[in-house]
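Below is target_26.tsv, holding TSV, C-alpha atoms and all ligand atoms.
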chain	number	residue	atom	x	y	z
A	1	MET	CA	27.92	-11.12	49.22
A	2	LEU	CA	28.23	-7.43	48.55
A	3	TYR	CA	24.75	-7.04	47.16
A	4	PRO	CA	21.90	-9.22	48.37
A	5	ARG	CA	20.19	-11.33	45.73
A	6	ARG	CA	16.73	-10.14	45.01
A	7	CYS	CA	13.59	-11.81	43.76
A	8	PRO	CA	13.31	-10.76	40.10
A	9	VAL	CA	9.54	-10.58	40.37
A	10	CYS	CA	8.87	-8.56	43.57
A	11	ASP	CA	12.41	-7.33	44.36
A	12	CYS	CA	12.38	-8.62	47.95
A	13	VAL	CA	15.74	-9.73	49.28
A	14	LEU	CA	16.00	-13.50	48.99
A	15	THR	CA	16.54	-14.89	52.46
A	16	GLU	CA	18.35	-18.07	53.37
A	17	THR	CA	15.26	-20.22	53.23
A	18	SER	CA	14.77	-19.10	49.65
A	19	PHE	CA	18.21	-20.51	48.85
A	20	LYS	CA	17.17	-24.14	49.32
A	21	GLU	CA	17.38	-24.70	45.61
A	22	ILE	CA	20.87	-24.68	44.16
A	23	VAL	CA	19.89	-21.90	41.79
A	24	PRO	CA	17.37	-19.65	43.50
A	25	ARG	CA	14.92	-18.04	41.17
A	26	VAL	CA	12.09	-16.22	42.83
A	27	CYS	CA	10.83	-15.87	46.38
A	28	PRO	CA	8.16	-18.37	47.56
A	29	GLU	CA	5.43	-15.72	47.33
A	30	CYS	CA	6.14	-15.15	43.65
A	31	GLU	CA	6.48	-18.80	42.67
A	32	ASN	CA	3.05	-18.95	41.05
A	33	LYS	CA	2.53	-15.31	40.17
A	34	LEU	CA	3.99	-15.30	36.69
A	35	VAL	CA	1.71	-16.03	33.77
A	36	TYR	CA	3.41	-17.54	30.74
A	37	VAL	CA	2.05	-16.98	27.26
A	38	GLY	CA	-0.33	-19.84	26.54
A	39	LYS	CA	0.11	-22.71	24.10
A	40	ASN	CA	-2.67	-21.28	21.97
A	41	HIS	CA	-0.82	-18.30	20.55
A	42	CYS	CA	-0.52	-16.38	17.30
A	43	PHE	CA	1.72	-18.21	14.85
A	44	LYS	CA	3.31	-14.92	13.82
A	45	CYS	CA	3.77	-12.77	16.91
A	46	GLY	CA	3.18	-15.17	19.79
A	47	LYS	CA	0.29	-13.22	21.29
A	48	THR	CA	-2.22	-15.37	23.20
A	49	LEU	CA	-5.23	-16.05	21.00
A	50	LYS	CA	-8.85	-15.78	21.97
A	51	SER	CA	-10.61	-19.09	21.44
A	52	ASP	CA	-12.37	-17.95	18.26
A	53	GLN	CA	-9.13	-17.01	16.49
A	54	GLU	CA	-7.36	-19.73	14.57
A	55	GLU	CA	-3.74	-19.14	13.62
A	56	LEU	CA	-3.18	-15.42	13.66
A	57	CYS	CA	-4.17	-12.69	16.08
A	58	TYR	CA	-6.28	-9.76	14.93
A	59	ASP	CA	-3.23	-7.56	14.52
A	60	CYS	CA	-1.26	-10.03	12.37
A	61	LYS	CA	-4.30	-10.80	10.25
A	62	ASN	CA	-4.67	-7.14	9.39
A	63	ARG	CA	-1.13	-5.90	9.13
A	64	GLU	CA	1.89	-7.18	7.28
A	65	HIS	CA	5.04	-7.68	9.32
A	66	PHE	CA	8.65	-7.56	8.15
A	67	PHE	CA	9.75	-10.31	10.52
A	68	GLU	CA	9.09	-14.05	10.07
A	69	GLN	CA	8.02	-14.98	13.57
A	70	GLY	CA	8.48	-14.18	17.24
A	71	TYR	CA	7.66	-15.27	20.77
A	72	ALA	CA	7.18	-13.62	24.11
A	73	LEU	CA	7.58	-15.31	27.45
A	74	PHE	CA	5.14	-13.69	29.87
A	75	GLU	CA	1.76	-12.04	29.79
A	76	TYR	CA	2.57	-8.40	30.44
A	77	ALA	CA	0.32	-7.83	33.47
A	78	SER	CA	2.02	-10.59	35.48
A	79	ILE	CA	5.53	-9.17	35.06
A	80	ASN	CA	5.07	-5.43	34.55
A	81	ALA	CA	6.44	-4.34	37.96
A	82	SER	CA	9.51	-6.48	37.41
A	83	ILE	CA	10.07	-5.03	33.94
A	84	TYR	CA	9.68	-1.51	35.30
A	85	ARG	CA	12.53	-2.06	37.77
A	86	PHE	CA	14.54	-3.84	35.09
A	87	LYS	CA	14.22	-0.81	32.80
A	88	TYR	CA	14.27	2.17	35.08
A	89	LYS	CA	15.64	1.13	38.47
A	90	GLY	CA	18.94	-0.41	37.56
A	91	ARG	CA	17.89	-4.02	38.00
A	92	CYS	CA	19.79	-5.27	34.98
A	93	GLU	CA	20.65	-8.34	37.07
A	94	TYR	CA	17.12	-9.72	36.47
A	95	ALA	CA	18.32	-10.60	32.96
A	96	ASP	CA	19.86	-13.80	34.23
A	97	PHE	CA	16.51	-15.04	35.47
A	98	TYR	CA	14.75	-13.89	32.30
A	99	GLY	CA	17.35	-15.58	30.11
A	100	LYS	CA	17.07	-18.85	31.95
A	101	GLU	CA	13.27	-18.79	31.76
A	102	MET	CA	13.50	-17.99	28.06
A	103	GLU	CA	15.69	-21.04	27.42
A	104	GLU	CA	13.50	-23.33	29.52
A	105	HIS	CA	10.17	-22.33	28.05
A	106	LEU	CA	11.08	-21.34	24.49
A	107	GLY	CA	14.45	-23.02	23.95
A	108	THR	CA	13.16	-25.71	21.58
A	109	LEU	CA	11.29	-23.17	19.46
A	110	ILE	CA	14.27	-20.80	19.43
A	111	ARG	CA	16.60	-23.55	18.22
A	112	GLU	CA	14.30	-24.29	15.29
A	113	TRP	CA	15.03	-20.81	13.94
A	114	ASN	CA	18.72	-21.69	13.73
A	115	ALA	CA	19.64	-18.02	14.12
A	116	GLN	CA	23.22	-16.78	14.21
A	117	ALA	CA	22.77	-13.65	16.27
A	118	LEU	CA	20.74	-11.92	18.96
A	119	VAL	CA	20.33	-8.22	18.26
A	120	PRO	CA	18.95	-6.08	21.10
A	121	VAL	CA	16.72	-3.14	20.17
A	122	PRO	CA	19.14	-0.23	20.50
A	123	MET	CA	18.55	2.88	22.55
A	124	HIS	CA	19.56	6.34	21.43
A	125	ARG	CA	23.15	6.85	22.59
A	126	ARG	CA	22.37	9.85	24.78
A	127	LYS	CA	19.44	8.16	26.43
A	128	GLU	CA	21.54	5.09	27.14
A	129	ARG	CA	24.26	7.23	28.69
A	130	ILE	CA	21.73	8.82	31.03
A	131	ARG	CA	20.18	5.48	32.03
A	132	GLY	CA	23.53	3.77	32.25
A	133	TYR	CA	22.48	0.66	30.34
A	134	ASN	CA	20.17	-0.63	27.64
A	135	GLN	CA	17.80	-3.16	29.17
A	136	ALA	CA	17.27	-4.93	25.82
A	137	ARG	CA	21.00	-5.56	25.66
A	138	CYS	CA	20.97	-6.92	29.24
A	139	LEU	CA	18.13	-9.21	28.24
A	140	ALA	CA	19.92	-10.36	25.09
A	141	GLU	CA	23.00	-11.18	27.14
A	142	GLY	CA	20.85	-13.15	29.59
A	143	ILE	CA	19.36	-15.12	26.71
A	144	ALA	CA	22.78	-15.63	25.13
A	145	LYS	CA	24.14	-17.12	28.33
A	146	TYR	CA	21.62	-19.97	28.18
A	147	THR	CA	20.98	-20.39	24.44
A	148	LYS	CA	24.61	-19.85	23.37
A	149	ILE	CA	23.53	-17.58	20.51
A	150	PRO	CA	25.93	-14.62	20.42
A	151	VAL	CA	24.84	-11.00	20.95
A	152	TYR	CA	25.61	-8.39	18.28
A	153	HIS	CA	24.90	-5.20	20.18
A	154	SER	CA	26.45	-2.71	17.79
A	155	LEU	CA	24.99	-3.97	14.53
A	156	VAL	CA	21.99	-1.64	14.72
A	157	GLU	CA	22.10	1.94	15.93
A	158	ARG	CA	19.26	4.22	16.91
A	159	THR	CA	19.91	7.38	14.98
A	160	ARG	CA	16.91	9.41	15.87
A	161	LYS	CA	15.38	10.18	19.21
A	162	THR	CA	11.77	9.08	19.18
A	163	THR	CA	8.66	9.83	21.19
A	164	PRO	CA	7.95	7.16	23.84
A	165	MET	CA	5.81	4.55	22.07
A	166	LYS	CA	3.24	4.18	24.83
A	167	GLU	CA	1.92	7.64	23.97
A	168	LEU	CA	1.20	6.71	20.35
A	169	ASP	CA	-1.26	4.64	18.31
A	170	VAL	CA	-0.19	2.11	15.64
A	171	ARG	CA	0.07	4.57	12.74
A	172	GLU	CA	1.90	7.14	14.85
A	173	ARG	CA	4.28	4.45	16.05
A	174	GLN	CA	5.19	3.53	12.50
A	175	ASN	CA	5.80	7.17	11.53
A	176	ASN	CA	7.71	7.75	14.72
A	177	LEU	CA	10.17	5.00	13.78
A	178	LYS	CA	10.82	6.03	10.19
A	179	ARG	CA	14.58	6.20	9.68
A	180	ALA	CA	15.07	5.70	13.40
A	181	PHE	CA	17.43	2.75	12.97
A	182	HIS	CA	20.63	2.40	11.03
A	183	ILE	CA	22.50	-0.81	10.22
A	184	MET	CA	26.18	-0.33	10.91
A	185	GLN	CA	27.40	-2.63	8.12
A	186	ASP	CA	26.62	-2.28	4.40
A	187	ASP	CA	26.49	-5.98	3.75
A	188	VAL	CA	25.47	-8.05	6.74
A	189	LYS	CA	26.79	-11.59	6.46
A	190	LEU	CA	24.39	-12.96	9.06
A	191	LYS	CA	21.43	-14.71	7.45
A	192	LYS	CA	19.13	-15.25	10.42
A	193	ILE	CA	18.78	-12.78	13.25
A	194	VAL	CA	16.68	-12.61	16.41
A	195	ILE	CA	15.75	-9.13	17.61
A	196	VAL	CA	15.43	-8.90	21.38
A	197	ASP	CA	13.19	-6.43	23.21
A	198	ASP	CA	11.59	-6.23	26.63
A	199	ILE	CA	7.97	-5.68	25.56
A	200	TYR	CA	6.14	-6.48	22.32
A	201	THR	CA	2.95	-4.55	21.65
A	202	THR	CA	2.15	-3.72	18.04
A	203	GLY	CA	5.44	-4.90	16.59
A	204	SER	CA	6.29	-1.49	15.09
A	205	THR	CA	9.78	-1.43	16.58
A	206	VAL	CA	10.64	-4.98	15.52
A	207	ASP	CA	9.22	-4.28	12.05
A	208	ALA	CA	11.27	-1.11	11.62
A	209	ILE	CA	14.50	-2.94	12.49
A	210	ALA	CA	13.60	-6.07	10.50
A	211	LYS	CA	13.00	-3.94	7.43
A	212	GLU	CA	16.44	-2.34	7.70
A	213	LEU	CA	18.14	-5.68	8.36
A	214	LYS	CA	16.54	-7.19	5.28
A	215	ASN	CA	17.64	-4.24	3.17
A	216	ALA	CA	21.16	-4.98	4.40
A	217	GLY	CA	21.00	-8.60	3.23
A	218	VAL	CA	19.60	-10.54	6.18
A	219	GLN	CA	17.23	-13.28	5.01
A	220	GLU	CA	15.14	-14.07	8.05
A	221	VAL	CA	14.35	-11.99	11.13
A	222	PHE	CA	12.71	-13.25	14.32
A	223	PHE	CA	12.07	-11.67	17.69
A	224	LEU	CA	12.03	-12.57	21.35
A	225	ALA	CA	10.30	-10.41	23.92
A	226	LEU	CA	10.04	-10.77	27.64
A	227	ALA	CA	6.40	-9.82	27.70
A	228	ILE	CA	3.54	-9.27	25.33
A	229	GLY	CA	0.44	-7.20	25.74
A	230	THR	CA	-3.04	-8.29	24.73
A	231	GLY	CA	-5.92	-6.69	22.93
A	232	LEU	CA	-4.10	-4.49	20.46
A	301	ZN	ZN	9.10	-12.28	44.97
A	302	ZN	ZN	-0.02	-11.94	16.02
With the file now loaded, output its structure as structure tokens.
Ligand SMILES: [Zn+2]
Ligand SMILES: [Zn+2]
Amino acid sequence: MLYPRRCPVCDCVLTETSFKEIVPRVCPECENKLVYVGKNHCFKCGKTLKSDQEELCYDCKNREHFFEQGYALFEYASINASIYRFKYKGRCEYADFYGKEMEEHLGTLIREWNAQALVPVPMHRRKERIRGYNQARCLAEGIAKYTKIPVYHSLVERTRKTTPMKELDVRERQNNLKRAFHIMQDDVKLKKIVIVDDIYTTGSTVDAIAKELKNAGVQEVFFLALAIGTGL
């Protein structure tokens, strides 16, 4: 093999003993490191709920969303180093592992949506050229491989460069994303769409795209994220 296969969690090179399984996933050290979002999660955004919350998380109770529903796979803290390499260090190959995990853990729920398309959150064209890839598109293609839902990567375009979201609070995030996305078709024939992103925090990005998609004729919008933060 030209490139060694790496553990998608810690990035160590998978040695022969790690190849005992037919499809190697992670190295033995990382086998139990990942924390999946719990069964007790927000009905709207998938965030793990504290025991005293009933159906919706604090955020969804207090803010209206433009999407119908969404799920994330991992608790952010357990996968953040992996996502960092996935985004910034060229490890687009992790998407295969992520996609498979997505199908195994959320496949039944995803199928209930009956969506026709996966739409990755687009990057600004210049930024994508510099990075060489859009990690949300890699992720969407990983999910598509296992769920068989096709990826529509040029349906939405990012028309405005925006400030990195991690530097902003909820209100600033919403303002930051105003007119940031453009739907490339006037009349979208797809009725149900799943937006795909690496991390879900406040939902501002998904909301901004969902709003545009609905203006273009889409009836229902969902999202899938690799990881979700807590306490926002
Ligand atoms: Zn590992
Ligand atoms: Zn929620």
Report task. Identify which of the residues A:Asp197, A:Glu55, A:Asp11, A:Glu68 lies closest to Cys30 of chain A, counting only C-alpha atoms when measuring atom-to-atom distances. Result ->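 Of A:Asp197, A:Glu55, A:Asp11, A:Glu68, the one nearest Cys30 of chain A, counting only C-alpha atoms, is A:Asp11.
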Query raised in the report: Can I get the residues close to ligand ZN 302 (chain A) as number ranges by chain, where close means within 6 Å and we count only C-alpha atoms and all ligand atoms?
Result: A: 42, 44-47, 56-57, 59-60
Report task. Within 12 Å of Thr48 of chain A, counting all atoms listed in the file, which residues show up once you throw out same-chain ones fewer than 2 positions away? Write them as a PyMOL selection string, please. Result -> chain A and resi 35-46+50-59+71-76+227-232
Same residues, C-alpha atoms, saved as a short mmCIF file (atom, residue, chain, number, x, y, z; two decimals), in the coordinates of the input:
data_model
loop_
_atom_site.label_atom_id
_atom_site.label_comp_id
_atom_site.auth_asym_id
_atom_site.auth_seq_id
_atom_site.Cartn_x
_atom_site.Cartn_y
_atom_site.Cartn_z
CA VAL A 35 1.71 -16.03 33.77
CA TYR A 36 3.41 -17.54 30.74
CA VAL A 37 2.05 -16.98 27.26
CA GLY A 38 -0.33 -19.84 26.54
CA LYS A 39 0.11 -22.71 24.10
CA ASN A 40 -2.67 -21.28 21.97
CA HIS A 41 -0.82 -18.30 20.55
CA CYS A 42 -0.52 -16.38 17.30
CA PHE A 43 1.72 -18.21 14.85
CA LYS A 44 3.31 -14.92 13.82
CA CYS A 45 3.77 -12.77 16.91
CA GLY A 46 3.18 -15.17 19.79
CA LYS A 50 -8.85 -15.78 21.97
CA SER A 51 -10.61 -19.09 21.44
CA ASP A 52 -12.37 -17.95 18.26
CA GLN A 53 -9.13 -17.01 16.49
CA GLU A 54 -7.36 -19.73 14.57
CA GLU A 55 -3.74 -19.14 13.62
CA LEU A 56 -3.18 -15.42 13.66
CA CYS A 57 -4.17 -12.69 16.08
CA TYR A 58 -6.28 -9.76 14.93
CA ASP A 59 -3.23 -7.56 14.52
CA TYR A 71 7.66 -15.27 20.77
CA ALA A 72 7.18 -13.62 24.11
CA LEU A 73 7.58 -15.31 27.45
CA PHE A 74 5.14 -13.69 29.87
CA GLU A 75 1.76 -12.04 29.79
CA TYR A 76 2.57 -8.40 30.44
CA ALA A 227 6.40 -9.82 27.70
CA ILE A 228 3.54 -9.27 25.33
CA GLY A 229 0.44 -7.20 25.74
CA THR A 230 -3.04 -8.29 24.73
CA GLY A 231 -5.92 -6.69 22.93
CA LEU A 232 -4.10 -4.49 20.46
#
**Report entry** Protein and nucleic residues near ligand ZN 301 (chain A), 12 Å, only C-alpha atoms and all ligand atoms, as a list in words
**Finding:**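 Counting only what the definition allows, namely only C-alpha atoms and all ligand atoms, the set is Arg5, Arg6, Cys7, Pro8, Val9, Cys10, Asp11, Cys12, Val13, Leu14, Thr15, Ser18, Pro24, Arg25, Val26, Cys27, Pro28, Glu29, Cys30, Glu31, Asn32, Lys33, Leu34, Ser78, Ile79, Ala81, Ser82 and Tyr94 of chain A.
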Query raised in the report: Out of A:Leu224, A:Val206, A:Gln185, A:Cys138, which residue has the shortest atom-to-atom distance to Gly107 of chain A when counting all atoms listed in the file?
Result: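 The shortest atom-to-atom distance to Gly107 of chain A comes from A:Leu224.
Atom to atom, atom CA of Ala115 of chain A and atom CA of Lys166 of chain A stand 29.6 Å apart.
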Query raised in the report: Counting only C-alpha atoms, which of A:Ile110, A:Val156, A:Ala225, A:Val121 gets nearest to Thr205 of chain A?
Result: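 Among the listed residues, A:Val121 lies closest to Thr205 of chain A.
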Query - Residues near Tyr88 of chain A, cut-off 10 Å, only C-alpha atoms, skip fewer than 6 positions along chain, as a PyMOL selection string - result: chain A and resi 131-135
Next, the residues of the selection above should be written as a short mmCIF file (atom, residue, chain, number, x, y, z; two decimals), keeping the file's coordinate frame with C-alpha atoms.
data_model
loop_
_atom_site.label_atom_id
_atom_site.label_comp_id
_atom_site.auth_asym_id
_atom_site.auth_seq_id
_atom_site.Cartn_x
_atom_site.Cartn_y
_atom_site.Cartn_z
CA ARG A 131 20.18 5.48 32.03
CA GLY A 132 23.53 3.77 32.25
CA TYR A 133 22.48 0.66 30.34
CA ASN A 134 20.17 -0.63 27.64
CA GLN A 135 17.80 -3.16 29.17
#
